[in-house]
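The next block holds one structure in the form of structure tokens; read it before the comments.
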Amino acid sequence: MIDRLIGFPTVSRDSNLGLIEYARDELARLGVRADLIYDSARNKANLFATLSSEPDRVKTGGLVISGHTDTVPVDGQDWASEPFVADHREGRIHGRGSADMKGFIAIALAAVPKFLAAQENVALHLSLTYDEETTFFGVRDLLADLAERSIRPAGCIIGEPTDMRAIVAHKGKRDLCCRVRGREGHSSLTPDGVNAIEFAAKLVAFIRQTADRLSRDEPRDARFAVPYTTLQTGLIKGGIAVNVIPRDCEFTFEMRNLPATSTDELTNAIVQYAERELLPEMRSVASDAAIAFDCGMDLPAFGIAPEHPLVRWAQQVARTAHLGTGAVGFATEASMFSKAGIPTLVIGPGSIDQAHKPDEYISYEQVAACEAFFQRLVAEPMPS
Ligand SMILES: [Zn+2]
């Protein structure tokens, strides 16, 4: 099953329908009805299925097993084998998405007959999403659809690669694009123009000062490798020639916040600075000068108490309680599920160290650990 799923080239920018329709047909063959939730272009879809012969009886409760179907691209990467053809060597399955996270999805799909056989004891849902690696729009639409249909699961497991260790927190991430509009002119007449690059630079410097303040003063969360909120500017473009006062400058920055820190407050402070400190000066020269902010990805931070029954139970079933719980730097769909009121944790096979890289792989050992996890999940169901 892992080999088959790797064979669908579901890079985020492309359609995932081949994989989704395959999963739908597999489920149908087992008598399970799956609902597909399409994007507006009908080029991508989420899949949600209640693993029961009477799904309407499990509208409240049950555990969601969830994974994203999209992968990052392979452009410019040097692979020893074809990225979208599974290659078994040295006890590992190589291929784009093997660890992140088609391995998990495939193991879950292959376990569906087992899950169905145990449906009297354990209520399960399967959720497959799109665009996790880019915008998180897939999971957003899936959760809206569940709310609309009054489906209220009792918990969720996101099978991102954690070596089957329970992950109970990750940082949030918000991307913002800022467009500064000044006034162009001949560079010998700078007082008559508004240099968009220079005002953008002031904002970039303010963002950096904000980052410096947080790195100095913010209460530490020692679970994270970088134990405080970070901000950085990652892209900038502006101007057309050295002797032209630049009219436009655009830059993109991000914040990666601790669960305790609000990205709204940080955003407000930056917008206020632009409006109070920069715009009046710009408009004294050009009344149509402007600074606009657009939000791209906006993912809340995620946290669940390590003592939560769902966490305790998952660690027990995975036999990885001895590893304790952890926090990770990468963002996942866990924050969206928990924001929707569904207790969630991240636990899955493979390692994030292998994700997004050339020759990405999942080891047979991790596959076996996840299979055993699903086996025991049925035998030792989540306390309700
Ligand atoms: Zn992932």
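Please note that chains go A, B, ... in the order of the structure tokens, that every chain numbers its residues from 1, and that ligands are numbered from 1 in the order shown.
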Query - Residues within 7 Å of ligand 1, counting only C-alpha atoms and all ligand atoms, as a list in words - result: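 Checking only C-alpha atoms and all ligand atoms against ligand 1 at 7 Å gives His68, Asp100, Met101, Glu132, Glu133, Glu160 and Thr332 of chain A.
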Could you save those same residues with N, CA, C and O atoms as a PDB file, in the first residue's frame?
ATOM      1  N   HIS A  68      -2.153  14.037   5.763  1.00  0.00           N
ATOM      2  CA  HIS A  68      -2.248  14.821   4.527  1.00  0.00           C
ATOM      3  C   HIS A  68      -1.718  13.998   3.356  1.00  0.00           C
ATOM      4  O   HIS A  68      -0.777  13.215   3.511  1.00  0.00           O
ATOM      5  N   ASP A 100       6.624  11.444   5.166  1.00  0.00           N
ATOM      6  CA  ASP A 100       5.753  12.627   5.354  1.00  0.00           C
ATOM      7  C   ASP A 100       4.717  12.698   4.244  1.00  0.00           C
ATOM      8  O   ASP A 100       4.910  13.408   3.277  1.00  0.00           O
ATOM      9  N   MET A 101       3.534  12.052   4.360  1.00  0.00           N
ATOM     10  CA  MET A 101       3.224  11.080   5.378  1.00  0.00           C
ATOM     11  C   MET A 101       2.351   9.968   4.801  1.00  0.00           C
ATOM     12  O   MET A 101       1.368   9.555   5.377  1.00  0.00           O
ATOM     13  N   GLU A 132      -1.559  20.489   2.855  1.00  0.00           N
ATOM     14  CA  GLU A 132      -0.979  20.697   4.190  1.00  0.00           C
ATOM     15  C   GLU A 132       0.385  21.358   4.091  1.00  0.00           C
ATOM     16  O   GLU A 132       0.784  22.139   4.960  1.00  0.00           O
ATOM     17  N   GLU A 133       1.108  21.027   3.040  1.00  0.00           N
ATOM     18  CA  GLU A 133       2.472  21.566   2.912  1.00  0.00           C
ATOM     19  C   GLU A 133       2.472  23.028   2.474  1.00  0.00           C
ATOM     20  O   GLU A 133       3.525  23.645   2.404  1.00  0.00           O
ATOM     21  N   GLU A 160       1.907  12.486  11.575  1.00  0.00           N
ATOM     22  CA  GLU A 160       3.168  13.050  11.065  1.00  0.00           C
ATOM     23  C   GLU A 160       4.329  12.242  11.637  1.00  0.00           C
ATOM     24  O   GLU A 160       4.216  11.660  12.725  1.00  0.00           O
ATOM     25  N   THR A 332       1.650  21.520  12.092  1.00  0.00           N
ATOM     26  CA  THR A 332       0.835  20.403  11.605  1.00  0.00           C
ATOM     27  C   THR A 332      -0.647  20.786  11.654  1.00  0.00           C
ATOM     28  O   THR A 332      -1.016  21.832  12.191  1.00  0.00           O
TER      29      THR A 332
END
Query raised in the report: Near Ile105 (chain A), within 12 Å and counting only C-alpha atoms, which residues show up once chain neighbours fewer than 4 positions away are dropped, as a ChimeraX atom specification?
Result: /A:1-6,19-20,23,47,65-70,97-101,109-112,126-129,157-161,348-349,367,370-371,374
Requested in this report: Write out as a ChimeraX atom specification each polymer residue whose atoms come within 8 Å of Gly238 (chain A), counting only C-alpha atoms; drop sequence neighbours fewer than 5 positions from it.
Outcome: /A:196-197,246-250
Query raised in the report: Which residue out of A:Val180, A:Leu231, A:Ile342, A:Cys295 has the minimum interatomic distance to Met282 (chain A) when only C-alpha atoms are used?
Result: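 Looking at the shortest contact to Met282 (chain A), the residue is A:Val180.
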Requested in this report: If you run DSSP over the backbone, which residues in region 49-233 of chain A end up strand (DSSP E or B)? Put them as a PyMOL selection string.
Outcome: chain A and resi 49-50+60+63-68+71+87-89+92-94+124-129+152+155-158+162+167-170+173-181+183+185-186+194+230-233
Given the selection you just returned, output its residues as a file containing C-alpha atoms, formatted as a CSV table (one decimal), in the first residue's frame.
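So part_26.csv came out as:
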chain,number,residue,atom,x,y,z
A,49,ALA,CA,-15.0,8.3,6.1
A,50,THR,CA,-16.5,6.8,9.3
A,60,THR,CA,-20.6,12.0,18.0
A,63,LEU,CA,-11.2,8.8,17.0
A,64,VAL,CA,-10.1,10.5,13.8
A,65,ILE,CA,-7.0,9.0,12.1
A,66,SER,CA,-5.7,11.8,9.9
A,67,GLY,CA,-3.0,12.5,7.4
A,68,HIS,CA,-2.2,14.8,4.5
A,71,THR,CA,4.0,16.2,-0.6
A,87,ASP,CA,12.4,1.8,-3.8
A,88,HIS,CA,13.1,-0.8,-1.2
A,89,ARG,CA,16.7,-1.0,-0.1
A,92,ARG,CA,13.8,1.1,4.1
A,93,ILE,CA,11.2,2.3,1.6
A,94,HIS,CA,12.5,5.3,-0.3
A,124,LEU,CA,-12.8,5.3,14.1
A,125,HIS,CA,-12.9,7.9,11.3
A,126,LEU,CA,-10.3,8.3,8.5
A,127,SER,CA,-9.4,11.8,7.3
A,128,LEU,CA,-7.2,12.5,4.3
A,129,THR,CA,-6.4,16.2,3.4
A,152,ARG,CA,-18.2,15.7,16.4
A,155,GLY,CA,-10.2,12.8,19.5
A,156,CYS,CA,-7.8,12.9,16.6
A,157,ILE,CA,-4.4,11.5,15.8
A,158,ILE,CA,-2.2,13.2,13.2
A,162,THR,CA,7.6,11.5,15.1
A,167,ILE,CA,4.0,15.2,20.3
A,168,VAL,CA,1.8,17.5,22.3
A,169,ALA,CA,2.9,21.0,21.2
A,170,HIS,CA,4.1,22.9,18.2
A,173,LYS,CA,3.1,30.1,12.0
A,174,ARG,CA,1.8,33.2,10.3
A,175,ASP,CA,3.0,34.6,7.0
A,176,LEU,CA,2.4,38.2,6.1
A,177,CYS,CA,3.1,40.0,2.9
A,178,CYS,CA,3.6,43.8,3.1
A,179,ARG,CA,3.2,46.1,0.0
A,180,VAL,CA,4.7,49.6,0.3
A,181,ARG,CA,3.6,52.1,-2.3
A,183,ARG,CA,6.1,57.9,-5.3
A,185,GLY,CA,10.8,60.2,-9.4
A,186,HIS,CA,14.3,61.1,-10.7
A,194,VAL,CA,8.6,58.6,-1.4
A,230,THR,CA,10.7,34.2,16.2
A,231,LEU,CA,10.1,36.6,13.4
A,232,GLN,CA,12.0,37.0,10.2
A,233,THR,CA,11.7,38.7,6.8
Query raised in the report: Can you list, as a PyMOL selection string, every protein, DNA or RNA residue that comes within 9 Å of Val74 (chain A) when you count only C-alpha atoms, leaving out same-chain residues fewer than 6 positions away?
Result: chain A and resi 11+83+96+356-358
Requested in this report: Pick out the closest residue to Ile304 (chain A) from this set: A:Ala205, A:Ala166, A:Ala331, A:Ala211. Count only C-alpha atoms.
Outcome: A:Ala166
Query - Ala321 (chain A) environment, 8 Å, only C-alpha atoms, sequence neighbours closer than 4 positions dropped, as a ChimeraX atom specification - result: /A:165,312,315-316,325
